[in-house]
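Asks: My structure file start32.cif, mmCIF, C-alpha atoms, pLDDT in the B column; chains and numbers go by the auth columns, is below:
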```
data_my_file
loop_
_atom_site.group_PDB
_atom_site.id
_atom_site.type_symbol
_atom_site.label_atom_id
_atom_site.label_comp_id
_atom_site.label_asym_id
_atom_site.label_seq_id
_atom_site.Cartn_x
_atom_site.Cartn_y
_atom_site.Cartn_z
_atom_site.B_iso_or_equiv
_atom_site.auth_seq_id
_atom_site.auth_asym_id
ATOM 1 C CA MET A 1 -26.610 1.315 41.816 61.00 1 Z
ATOM 2 C CA ASN A 2 -25.200 4.229 43.740 86.00 2 Z
ATOM 3 C CA MET A 3 -24.228 7.190 41.501 90.00 3 Z
ATOM 4 C CA SER A 4 -20.975 7.597 43.439 91.00 4 Z
ATOM 5 C CA ILE A 5 -19.785 4.228 42.170 93.00 5 Z
ATOM 6 C CA ILE A 6 -20.687 5.153 38.576 94.00 6 Z
ATOM 7 C CA TRP A 7 -18.752 8.431 38.821 94.00 7 Z
ATOM 8 C CA LEU A 8 -15.802 6.645 40.445 94.00 8 Z
ATOM 9 C CA ILE A 9 -15.732 4.088 37.614 94.00 9 Z
ATOM 10 C CA ALA A 10 -15.988 6.919 35.043 95.00 10 Z
ATOM 11 C CA PHE A 11 -13.145 8.804 36.746 95.00 11 Z
ATOM 12 C CA ILE A 12 -10.905 5.721 36.771 95.00 12 Z
ATOM 13 C CA ALA A 13 -11.787 4.879 33.158 95.00 13 Z
ATOM 14 C CA PHE A 14 -10.947 8.405 31.957 93.00 14 Z
ATOM 15 C CA CYS A 15 -7.663 8.361 33.902 92.00 15 Z
ATOM 16 C CA VAL A 16 -6.702 4.972 32.426 93.00 16 Z
ATOM 17 C CA LEU A 17 -7.613 6.196 28.939 91.00 17 Z
ATOM 18 C CA GLU A 18 -5.508 9.322 29.460 87.00 18 Z
ATOM 19 C CA ALA A 19 -2.558 7.270 30.693 88.00 19 Z
ATOM 20 C CA ALA A 20 -2.846 5.008 27.663 88.00 20 Z
ATOM 21 C CA THR A 21 -2.951 7.826 25.093 83.00 21 Z
ATOM 22 C CA LEU A 22 -0.752 10.511 26.678 72.00 22 Z
ATOM 23 C CA GLY A 23 -2.350 13.003 24.333 73.00 23 Z
ATOM 24 C CA LEU A 24 -4.531 15.006 26.725 77.00 24 Z
ATOM 25 C CA THR A 25 -7.643 13.476 25.212 80.00 25 Z
ATOM 26 C CA SER A 26 -9.683 12.529 28.248 86.00 26 Z
ATOM 27 C CA ILE A 27 -8.165 14.375 31.203 88.00 27 Z
ATOM 28 C CA TRP A 28 -10.919 16.982 30.899 90.00 28 Z
ATOM 29 C CA PHE A 29 -13.577 14.324 31.408 93.00 29 Z
ATOM 30 C CA ALA A 30 -11.675 12.846 34.333 94.00 30 Z
ATOM 31 C CA ALA A 31 -11.844 16.269 36.006 94.00 31 Z
ATOM 32 C CA GLY A 32 -15.578 16.419 35.281 95.00 32 Z
ATOM 33 C CA ALA A 33 -16.127 12.908 36.660 96.00 33 Z
ATOM 34 C CA LEU A 34 -14.205 13.854 39.800 95.00 34 Z
ATOM 35 C CA ALA A 35 -16.434 16.913 40.269 96.00 35 Z
ATOM 36 C CA ALA A 36 -19.551 14.783 39.753 96.00 36 Z
ATOM 37 C CA LEU A 37 -18.196 12.213 42.234 95.00 37 Z
ATOM 38 C CA ILE A 38 -17.732 14.929 44.876 95.00 38 Z
ATOM 39 C CA ILE A 39 -21.266 16.225 44.274 95.00 39 Z
ATOM 40 C CA SER A 40 -22.587 12.650 44.535 94.00 40 Z
ATOM 41 C CA VAL A 41 -20.750 12.009 47.814 93.00 41 Z
ATOM 42 C CA LEU A 42 -22.307 15.226 49.164 93.00 42 Z
ATOM 43 C CA ASP A 43 -25.751 13.785 48.221 92.00 43 Z
ATOM 44 C CA GLY A 44 -26.334 16.207 45.360 92.00 44 Z
ATOM 45 C CA PRO A 45 -29.162 15.370 42.951 94.00 45 Z
ATOM 46 C CA THR A 46 -28.400 13.468 39.742 93.00 46 Z
ATOM 47 C CA TRP A 47 -29.141 16.485 37.522 94.00 47 Z
ATOM 48 C CA LEU A 48 -26.569 18.517 39.508 95.00 48 Z
ATOM 49 C CA GLN A 49 -23.997 15.727 39.175 94.00 49 Z
ATOM 50 C CA ILE A 50 -24.464 15.599 35.400 95.00 50 Z
ATOM 51 C CA THR A 51 -24.377 19.386 35.149 96.00 51 Z
ATOM 52 C CA GLY A 52 -21.223 19.478 37.294 95.00 52 Z
ATOM 53 C CA PHE A 53 -19.621 16.857 35.058 96.00 53 Z
ATOM 54 C CA LEU A 54 -20.435 18.794 31.884 96.00 54 Z
ATOM 55 C CA VAL A 55 -19.477 22.228 33.224 96.00 55 Z
ATOM 56 C CA VAL A 56 -16.186 21.148 34.796 95.00 56 Z
ATOM 57 C CA SER A 57 -15.232 19.098 31.710 94.00 57 Z
ATOM 58 C CA PHE A 58 -15.982 22.053 29.440 94.00 58 Z
ATOM 59 C CA LEU A 59 -14.137 24.562 31.635 94.00 59 Z
ATOM 60 C CA ALA A 60 -11.131 22.277 32.023 91.00 60 Z
ATOM 61 C CA MET A 61 -10.918 21.903 28.253 89.00 61 Z
ATOM 62 C CA LEU A 62 -11.463 25.611 27.650 90.00 62 Z
ATOM 63 C CA LEU A 63 -8.928 26.828 30.210 87.00 63 Z
ATOM 64 C CA ILE A 64 -6.240 24.151 30.333 81.00 64 Z
ATOM 65 C CA ARG A 65 -6.073 22.959 26.705 78.00 65 Z
ATOM 66 C CA PRO A 66 -4.457 26.147 25.305 80.00 66 Z
ATOM 67 C CA LEU A 67 -1.787 26.042 28.025 77.00 67 Z
ATOM 68 C CA ALA A 68 -1.177 22.345 27.481 74.00 68 Z
ATOM 69 C CA ARG A 69 -0.843 22.796 23.726 74.00 69 Z
ATOM 70 C CA LYS A 70 1.546 25.691 24.225 75.00 70 Z
ATOM 71 C CA TYR A 71 3.890 23.760 26.484 72.00 71 Z
ATOM 72 C CA LEU A 72 3.478 20.192 25.223 70.00 72 Z
ATOM 73 C CA THR A 73 3.404 20.661 21.438 68.00 73 Z
ATOM 74 C CA PRO A 74 6.805 19.984 19.871 67.00 74 Z
ATOM 75 C CA ARG A 75 8.256 22.892 17.963 68.00 75 Z
ATOM 76 C CA ASN A 76 10.210 22.610 14.749 65.00 76 Z
ATOM 77 C CA THR A 77 13.237 24.815 15.084 63.00 77 Z
ATOM 78 C CA ARG A 78 14.904 25.959 11.923 62.00 78 Z
ATOM 79 C CA THR A 79 18.618 25.287 11.881 65.00 79 Z
ATOM 80 C CA ASN A 80 21.402 27.273 10.312 65.00 80 Z
ATOM 81 C CA ALA A 81 21.516 24.647 7.575 69.00 81 Z
ATOM 82 C CA ASP A 82 18.015 25.688 6.470 74.00 82 Z
ATOM 83 C CA ARG A 83 19.390 29.112 5.596 81.00 83 Z
ATOM 84 C CA VAL A 84 21.141 27.727 2.514 85.00 84 Z
ATOM 85 C CA ILE A 85 17.834 26.832 0.852 88.00 85 Z
ATOM 86 C CA GLY A 86 17.318 29.248 -2.020 89.00 86 Z
ATOM 87 C CA THR A 87 20.909 30.525 -1.979 91.00 87 Z
ATOM 88 C CA GLU A 88 23.442 30.198 -4.747 92.00 88 Z
ATOM 89 C CA GLY A 89 26.630 28.209 -4.651 93.00 89 Z
ATOM 90 C CA VAL A 90 29.376 26.905 -6.887 95.00 90 Z
ATOM 91 C CA VAL A 91 30.010 23.290 -7.825 95.00 91 Z
ATOM 92 C CA THR A 92 33.484 22.405 -6.470 95.00 92 Z
ATOM 93 C CA GLU A 93 33.401 18.745 -7.584 95.00 93 Z
ATOM 94 C CA THR A 94 31.407 17.602 -10.594 95.00 94 Z
ATOM 95 C CA ILE A 95 27.965 16.372 -9.567 94.00 95 Z
ATOM 96 C CA ARG A 96 27.039 12.957 -10.947 94.00 96 Z
ATOM 97 C CA ASN A 97 24.051 11.431 -9.170 91.00 97 Z
ATOM 98 C CA LEU A 98 24.566 7.967 -10.657 90.00 98 Z
ATOM 99 C CA ASP A 99 28.109 7.836 -9.279 90.00 99 Z
ATOM 100 C CA GLY A 100 27.080 9.407 -5.964 90.00 100 Z
ATOM 101 C CA VAL A 101 29.624 12.220 -6.199 94.00 101 Z
ATOM 102 C CA GLY A 102 29.479 15.967 -6.103 95.00 102 Z
ATOM 103 C CA LEU A 103 30.299 18.890 -3.851 95.00 103 Z
ATOM 104 C CA VAL A 104 28.986 22.435 -3.709 95.00 104 Z
ATOM 105 C CA SER A 105 30.325 25.438 -1.846 93.00 105 Z
ATOM 106 C CA VAL A 106 27.472 27.496 -0.389 91.00 106 Z
ATOM 107 C CA GLY A 107 28.064 30.424 1.928 85.00 107 Z
ATOM 108 C CA GLY A 108 31.618 29.309 2.627 86.00 108 Z
ATOM 109 C CA ASN A 109 30.592 25.771 3.579 88.00 109 Z
ATOM 110 C CA VAL A 110 31.095 22.678 1.436 92.00 110 Z
ATOM 111 C CA TRP A 111 28.098 20.366 1.061 92.00 111 Z
ATOM 112 C CA THR A 112 27.652 16.980 -0.533 93.00 112 Z
ATOM 113 C CA ALA A 113 25.385 17.743 -3.471 95.00 113 Z
ATOM 114 C CA ARG A 114 23.050 16.044 -5.892 95.00 114 Z
ATOM 115 C CA SER A 115 21.399 17.423 -8.988 93.00 115 Z
ATOM 116 C CA ASP A 116 17.651 17.755 -8.569 89.00 116 Z
ATOM 117 C CA HIS A 117 16.992 16.754 -12.195 88.00 117 Z
ATOM 118 C CA GLY A 118 19.727 14.122 -12.353 88.00 118 Z
ATOM 119 C CA GLU A 119 21.857 15.955 -14.912 91.00 119 Z
ATOM 120 C CA VAL A 120 25.645 16.146 -14.613 93.00 120 Z
ATOM 121 C CA LEU A 121 26.786 19.543 -13.310 94.00 121 Z
ATOM 122 C CA GLU A 122 30.402 20.375 -14.027 93.00 122 Z
ATOM 123 C CA LYS A 123 32.858 21.990 -11.611 93.00 123 Z
ATOM 124 C CA GLY A 124 32.418 25.775 -11.587 92.00 124 Z
ATOM 125 C CA THR A 125 28.703 25.706 -12.419 93.00 125 Z
ATOM 126 C CA LEU A 126 26.621 28.271 -10.537 95.00 126 Z
ATOM 127 C CA VAL A 127 23.752 26.479 -8.777 94.00 127 Z
ATOM 128 C CA ARG A 128 20.825 27.241 -6.484 94.00 128 Z
ATOM 129 C CA VAL A 129 19.935 25.056 -3.487 93.00 129 Z
ATOM 130 C CA LEU A 130 16.371 23.718 -3.601 92.00 130 Z
ATOM 131 C CA ARG A 131 16.283 21.573 -0.485 91.00 131 Z
ATOM 132 C CA ILE A 132 18.298 19.615 2.041 90.00 132 Z
ATOM 133 C CA GLU A 133 17.832 15.896 2.626 89.00 133 Z
ATOM 134 C CA GLY A 134 20.028 14.585 5.393 85.00 134 Z
ATOM 135 C CA VAL A 135 23.494 16.016 4.737 86.00 135 Z
ATOM 136 C CA LYS A 136 22.991 16.525 0.999 92.00 136 Z
ATOM 137 C CA VAL A 137 21.805 19.602 -0.811 92.00 137 Z
ATOM 138 C CA TYR A 138 19.786 19.233 -3.993 94.00 138 Z
ATOM 139 C CA VAL A 139 20.627 21.878 -6.542 94.00 139 Z
ATOM 140 C CA VAL A 140 19.678 23.158 -9.981 94.00 140 Z
ATOM 141 C CA PRO A 141 21.863 25.222 -12.293 93.00 141 Z
ATOM 142 C CA VAL A 142 21.320 28.977 -12.336 90.00 142 Z
ATOM 143 C CA GLU A 143 20.768 30.525 -15.762 77.00 143 Z
ATOM 144 C CA GLN A 144 23.285 33.219 -16.729 50.00 144 Z
ATOM 145 C CA ASN A 145 20.529 35.817 -17.218 44.00 145 Z
ATOM 146 C CA GLY A 146 18.864 35.019 -13.903 48.00 146 Z
ATOM 147 C CA LEU A 147 17.000 32.128 -12.393 47.00 147 Z
ATOM 148 C CA ALA A 148 14.862 30.214 -14.853 50.00 148 Z
ATOM 149 C CA GLU A 149 11.127 30.181 -14.121 50.00 149 Z
ATOM 150 C CA GLU A 150 11.214 26.416 -13.686 53.00 150 Z
ATOM 151 C CA ASN A 151 13.893 26.723 -10.996 50.00 151 Z
ATOM 152 C CA GLN A 152 11.904 29.430 -9.205 50.00 152 Z
ATOM 153 C CA GLU A 153 8.882 27.137 -9.115 55.00 153 Z
ATOM 154 C CA LEU A 154 10.989 24.270 -7.756 53.00 154 Z
ATOM 155 C CA ILE A 155 12.394 26.476 -4.991 49.00 155 Z
ATOM 156 C CA ALA A 156 8.915 27.705 -4.069 52.00 156 Z
ATOM 157 C CA LYS A 157 7.679 24.088 -4.015 55.00 157 Z
ATOM 158 C CA GLY A 158 10.606 23.032 -1.802 53.00 158 Z
ATOM 159 C CA GLU A 159 9.877 25.816 0.685 51.00 159 Z
ATOM 160 C CA GLN A 160 6.167 24.959 0.763 54.00 160 Z
ATOM 161 C CA GLU A 161 6.922 21.314 1.629 54.00 161 Z
ATOM 162 C CA LYS A 162 8.498 22.406 4.923 47.00 162 Z
#
```
Could I get this file's structure written as structure tokens?
Replies:
Amino acid sequence: MNMSIIWLIAFIAFCVLEAATLGLTSIWFAAGALAALIISVLDGPTWLQITGFLVVSFLAMLLIRPLARKYLTPRNTRTNADRVIGTEGVVTETIRNLDGVGLVSVGGNVWTARSDHGEVLEKGTLVRVLRIEGVKVYVVPVEQNGLAEENQELIAKGEQEK
């Protein structure tokens, strides 16, 4: 069988695989197969075709992959809402998780709130925001003499989960 046909089939197979995955997984090998196909059409020896395939595939991956990752990788952009995590606020409506009620004022904005531990937090209680889930903030009460160690650990855990 003519090597040109083998390289053409390899090129088509890698292109189809790339189209099916859309993850830049085989485009490098398609470029290598195309280079090997060109060498084959020019009557290059088999060892040169294989070397061309390997070198072009490697160079394509080495040179293009960083650019592709830079421009095609989705970025998580922090929103202004994320800024409230770790800040203190005041309960403006008693928080009762079982009843699905509770509001907290944080940084001048009112948020629907839930207690992280499930306890009832009365209006006027000073709280710290641990995390945001949807449009709700999850809070814990702030101790009068500073933040309890348990609350500090919960905040650190919430920030690590991001």
Asks: Just give me the gap between atom CA of Z:Leu62 and atom CA of Z:Asp43 in Å, one decimal is fine.
Replies: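 One can read the atom CA of Z:Leu62 to atom CA of Z:Asp43 distance as 27.7 Å.
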Asks: Out of Z:Met3, Z:Leu22, Z:Ala10, Z:Leu72, which residue has the shortest atom-to-atom distance to Z:Val41 when counting all atoms listed in the file?
Replies: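 Of Z:Met3, Z:Leu22, Z:Ala10, Z:Leu72, the one nearest Z:Val41, counting all atoms listed in the file, is Z:Met3.
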Asks: From the list Z:Gly44, Z:Gly23, Z:Gly108, Z:Gly124, which residue is nearest Z:Glu93 when using only C-alpha atoms?
Replies: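 Smallest separation from Z:Glu93 among the options: Z:Gly124.
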Asks: For Z:Glu18, which of Z:Ala30, Z:Val55, Z:Thr94, Z:Ile64 is the closest residue, counting all atoms listed in the file?
Replies: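 For Z:Glu18, the nearest of the candidates is Z:Ala30.
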Asks: Calculated over all atoms listed in the file, which of the candidates Z:Phe58, Z:Phe53, Z:Trp28, Z:Tyr138 has the smallest distance to Z:Ile95?
Replies: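 So, comparing all the options, the nearest one is Z:Tyr138.
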Asks: Report the residues retrieved by the PyMOL selection byres ((chain Z and resi 142) around 6) from the displayed file, expressed as a short mmCIF file (atom, residue, chain, number, x, y, z; two decimals) with C-alpha atoms, keeping the file's coordinate frame.
Replies:
```cif
data_model
loop_
_atom_site.label_atom_id
_atom_site.label_comp_id
_atom_site.auth_asym_id
_atom_site.auth_seq_id
_atom_site.Cartn_x
_atom_site.Cartn_y
_atom_site.Cartn_z
CA LEU Z 126 26.62 28.27 -10.54
CA VAL Z 127 23.75 26.48 -8.78
CA PRO Z 141 21.86 25.22 -12.29
CA GLU Z 143 20.77 30.52 -15.76
CA LEU Z 147 17.00 32.13 -12.39
#
```
Asks: Atom CA of Z:Gly52 to atom CA of Z:Thr21: how many Å, to one decimal?
Replies: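 Pair atom CA of Z:Gly52 / atom CA of Z:Thr21 returns 24.9 Å.
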Asks: I need the residue nearest Z:Glu119 from this list: Z:Asn97, Z:Thr92, Z:Ser4, Z:Thr51. Use all atoms listed in the file for the distance.
Replies: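 Among the listed residues, Z:Asn97 lies closest to Z:Glu119.
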Asks: Could you list as a PyMOL selection string every residue that has an atom within 9 Å of (-7.2, 20.9, 27.1), using the file's coordinates and counting all atoms listed in the file?
Replies: chain Z and resi 24-28+60-69
Asks: Find the spatial neighbours of Z:His117, counting all atoms listed in the file, within a cut-off of 12 Å - ignore same-chain residues fewer than 3 positions away - and output them as a ChimeraX atom specification.
Replies: /Z:95-98,114,120-121,130,138-141,150-151,154
Asks: Report the distance between atom CA of Z:Glu133 and atom CA of Z:Arg83 in Å, rounded to one decimal place.
Replies: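 Separation of atom CA of Z:Glu133 and atom CA of Z:Arg83: 13.6 Å.
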Asks: Here is a test: counting all atoms listed in the file, which residue of Z:Val56, Z:Val110, Z:Ala13, Z:Ile5 is nearest to Z:Leu37?
Replies: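 Nearest to Z:Leu37: Z:Ile5.
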